[in-house]
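Structure file protein.cif (mmCIF, C-alpha atoms and all ligand atoms) follows.
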data_upload
#
loop_
_atom_site.group_PDB
_atom_site.id
_atom_site.type_symbol
_atom_site.label_atom_id
_atom_site.label_comp_id
_atom_site.auth_asym_id
_atom_site.auth_seq_id
_atom_site.Cartn_x
_atom_site.Cartn_y
_atom_site.Cartn_z
ATOM 1 C CA MET A 1 88.126 103.962 83.926
ATOM 2 C CA PRO A 2 85.648 105.884 81.831
ATOM 3 C CA GLY A 3 82.153 105.912 83.227
ATOM 4 C CA LEU A 4 80.621 107.421 86.309
ATOM 5 C CA GLN A 5 83.070 109.633 88.159
ATOM 6 C CA PRO A 6 83.251 110.037 91.920
ATOM 7 C CA SER A 7 82.699 113.584 93.194
ATOM 8 C CA TRP A 8 86.408 114.109 94.020
ATOM 9 C CA GLN A 9 87.433 113.448 90.412
ATOM 10 C CA ARG A 10 87.463 116.677 88.425
ATOM 11 C CA GLU A 11 88.758 115.408 85.107
ATOM 12 C CA PRO A 12 87.765 112.451 82.964
ATOM 13 C CA CYS A 13 90.026 109.421 83.057
ATOM 14 C CA PRO A 14 92.753 109.356 80.432
ATOM 15 C CA LEU A 15 92.002 106.822 77.716
ATOM 16 C CA TRP A 16 94.633 104.467 79.127
ATOM 17 C CA CYS A 17 93.164 104.342 82.640
ATOM 18 C CA ILE A 18 91.909 100.927 83.726
ATOM 19 C CA ARG A 19 91.519 101.743 87.402
ATOM 20 C CA GLU A 20 88.143 101.644 89.092
ATOM 21 C CA HIS A 21 87.610 104.850 91.063
ATOM 22 C CA GLY A 22 85.305 104.937 94.023
ATOM 23 C CA GLU A 23 83.659 107.639 96.067
ATOM 24 C CA ASP A 24 85.452 106.383 99.179
ATOM 25 C CA ASP A 25 88.961 106.220 97.661
ATOM 26 C CA ILE A 26 91.439 107.789 100.069
ATOM 27 C CA ALA A 27 93.674 110.591 98.738
ATOM 28 C CA LEU A 28 96.627 108.271 98.032
ATOM 29 C CA ASP A 29 94.406 106.018 95.924
ATOM 30 C CA ARG A 30 93.108 108.805 93.734
ATOM 31 C CA TYR A 31 95.220 108.184 90.672
ATOM 32 C CA HIS A 32 94.747 106.952 87.141
ATOM 33 C CA GLN A 33 96.539 103.754 86.246
ATOM 34 C CA GLY A 34 97.377 102.124 82.953
ATOM 35 C CA PRO A 35 97.542 98.407 82.248
ATOM 36 C CA PRO A 36 100.618 96.803 83.803
ATOM 37 C CA ALA A 37 103.532 95.374 81.864
ATOM 38 C CA SER A 38 106.108 92.937 83.166
ATOM 39 C CA LEU A 39 109.801 92.417 82.606
ATOM 40 C CA SER A 40 112.302 89.942 84.049
ATOM 41 C CA VAL A 41 115.642 91.374 85.175
ATOM 42 C CA ALA A 42 118.589 90.366 87.326
ATOM 43 C CA MET A 43 118.611 91.940 90.747
ATOM 44 C CA SER A 44 120.767 91.681 93.813
ATOM 45 C CA THR A 45 119.290 92.433 97.197
ATOM 46 C CA ARG A 46 122.567 91.870 99.035
ATOM 47 C CA PRO A 47 124.670 94.753 100.359
ATOM 48 C CA ASP A 48 127.862 93.552 98.675
ATOM 49 C CA GLU A 49 128.764 94.470 95.121
ATOM 50 C CA PRO A 50 126.649 92.851 92.404
ATOM 51 C CA HIS A 51 128.086 89.548 91.250
ATOM 52 C CA HIS A 52 126.509 86.787 89.195
ATOM 53 C CA ASN A 53 126.601 84.600 92.282
ATOM 54 C CA ASN A 54 124.199 86.902 94.080
ATOM 55 C CA PHE A 55 121.886 87.797 91.216
ATOM 56 C CA GLU A 56 118.320 86.700 91.342
ATOM 57 C CA THR A 57 115.874 86.821 88.480
ATOM 58 C CA VAL A 58 113.091 89.135 89.509
ATOM 59 C CA ASP A 59 109.895 89.843 87.658
ATOM 60 C CA LEU A 60 109.177 93.534 87.622
ATOM 61 C CA THR A 61 105.862 95.154 87.023
ATOM 62 C CA LEU A 62 105.692 98.521 85.304
ATOM 63 C CA ARG A 63 102.610 100.670 85.445
ATOM 64 C CA VAL A 64 101.824 104.163 84.331
ATOM 65 C CA GLY A 65 99.960 106.479 86.638
ATOM 66 C CA ARG A 66 98.836 110.040 87.105
ATOM 67 C CA PHE A 67 97.345 111.499 90.240
ATOM 68 C CA SER A 68 93.909 112.906 89.780
ATOM 69 C CA GLY A 69 94.041 116.613 89.048
ATOM 70 C CA GLU A 70 97.730 116.536 88.098
ATOM 71 C CA ILE A 71 99.390 116.565 84.692
ATOM 72 C CA VAL A 72 102.580 114.564 85.246
ATOM 73 C CA ASP A 73 102.524 110.915 84.239
ATOM 74 C CA TRP A 74 104.883 108.541 85.981
ATOM 75 C CA VAL A 75 105.951 104.941 85.647
ATOM 76 C CA ALA A 76 106.274 102.875 88.798
ATOM 77 C CA ILE A 77 108.697 99.957 88.548
ATOM 78 C CA GLU A 78 108.686 97.396 91.340
ATOM 79 C CA PRO A 79 109.228 93.684 91.925
ATOM 80 C CA ILE A 80 105.903 91.910 91.484
ATOM 81 C CA GLU A 81 106.233 89.957 94.706
ATOM 82 C CA LEU A 82 107.819 92.616 96.913
ATOM 83 C CA THR A 83 106.475 96.072 95.908
ATOM 84 C CA VAL A 84 109.739 97.493 97.304
ATOM 85 C CA PRO A 85 112.029 98.949 96.268
ATOM 86 C CA ARG A 86 109.867 100.984 93.960
ATOM 87 C CA ILE A 87 111.329 103.292 91.335
ATOM 88 C CA VAL A 88 109.081 106.066 90.083
ATOM 89 C CA LEU A 89 110.067 107.829 86.889
ATOM 90 C CA THR A 90 108.569 110.669 84.922
ATOM 91 C CA ALA A 91 109.146 110.899 81.183
ATOM 92 C CA GLU A 92 112.033 113.291 81.860
ATOM 93 C CA SER A 93 113.766 111.247 84.558
ATOM 94 C CA ALA A 94 113.217 108.004 82.610
ATOM 95 C CA SER A 95 114.860 109.586 79.584
ATOM 96 C CA ARG A 96 117.811 110.766 81.677
ATOM 97 C CA LEU A 97 118.161 107.355 83.319
ATOM 98 C CA ALA A 98 117.995 105.518 79.977
ATOM 99 C CA GLN A 99 120.548 107.893 78.476
ATOM 100 C CA ARG A 100 122.911 107.513 81.431
ATOM 101 C CA VAL A 101 122.665 103.702 81.373
ATOM 102 C CA LYS A 102 123.269 103.649 77.602
ATOM 103 C CA GLU A 103 126.297 105.915 77.991
ATOM 104 C CA MET A 104 127.774 103.838 80.788
ATOM 105 C CA LEU A 105 127.286 100.540 78.972
ATOM 106 C CA ALA A 106 128.574 101.947 75.673
ATOM 107 C CA HIS A 107 131.629 103.348 77.417
ATOM 108 C CA HIS A 108 132.420 100.015 79.035
ATOM 109 C CA ALA A 109 131.678 98.032 75.881
ATOM 110 C CA ALA A 110 134.138 100.240 73.974
ATOM 111 C CA GLY A 111 136.880 99.666 76.518
HETATM 112 ZN ZN ZN B 201 91.116 106.945 85.949
#
Spell out the structure here as structure tokens.
Amino acid sequence: MPGLQPSWQREPCPLWCIREHGEDDIALDRYHQGPPASLSVAMSTRPDEPHHNNFETVDLTLRVGRFSGEIVDWVAIEPIELTVPRIVLTAESASRLAQRVKEMLAHHAAG
């Protein structure tokens, strides 16, 4: 969040950062974070193949981040109530994932 920076922070916060940074933040907490978004999806946490009988509606939270001093932004996607599993995507891997999902669904819809 724009304002006073702790001594470990070498760059200003990106404009989208809403995270409070503190002098005593441990290394893993030294990242910029955007405002969260949420999305409801179907998820199965069972080991057997996905089936509508074992789907649960899960609210996901999506948040953008960037570690201090780095240049790669990522999006973390995780169930709001569980925090695991967590999927972390960069712009490149998110694009590849979206493309692959679109291709698979289009292929199956055509057949
Ligand atoms: Zn920040």
message: Can you pull out the residues contacting stretch 88-94 of chain A? Cut-off 6 Å, using all atoms listed in the file, and skip same-chain residues under 6 positions away; I want them as number ranges by chain.
response: A: 74-76
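Coordinates place atom CA of A:Pro6 at a distance of 23.3 Å from atom CA of A:Pro36.
Atom CA of A:Leu60 is found 5.4 Å from atom CA of A:Ser38.
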query: Residues at most 8 Å from A:Ile18, counting all atoms listed in the file, excluding those fewer than 6 positions away in the same chain, as a PyMOL selection string?
result: chain A and resi 1+32-35
Suppose we keep C-alpha atoms; can you now write the selection as a CSV table (one decimal), in the frame of the given file?
chain,number,residue,atom,x,y,z
A,1,MET,CA,88.1,104.0,83.9
A,32,HIS,CA,94.7,107.0,87.1
A,33,GLN,CA,96.5,103.8,86.2
A,34,GLY,CA,97.4,102.1,83.0
A,35,PRO,CA,97.5,98.4,82.2
field: Residue members of the PyMOL selection byres (((not hetatm)) within 8 of (chain B and resi 201)) in the file shown, as an NGL selection string
entry: :A and (1-2 or 12-14 or 17-21 or 31-33 or 68)
query: Just how far from atom CA of A:Leu4 is atom CA of A:Glu23, in Å to one decimal?
result: 10.2 Å
- request: Extract, using only C-alpha atoms, all DNA, RNA and protein residues at most 12 Å from A:Ile80, discarding same-chain residues fewer than 6 positions from it, and format them as a PyMOL selection string.
  value: chain A and resi 36-41+57-63+86
Would you kindly return, as a JSON list (two decimals) with C-alpha atoms, keeping the file's coordinate frame, each protein, DNA or RNA residue with an atom no farther than 9 Å from any atom of A:Gly69, considering all atoms listed in the file and excluding same-chain residues fewer than 4 positions away?
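So the final result, stored in out31.json, reads:
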[["chain", "number", "residue", "atom", "x", "y", "z"],
["A", 9, "GLN", "CA", 87.43, 113.45, 90.41],
["A", 10, "ARG", "CA", 87.46, 116.68, 88.42],
["A", 11, "GLU", "CA", 88.76, 115.41, 85.11],
["A", 31, "TYR", "CA", 95.22, 108.18, 90.67]]
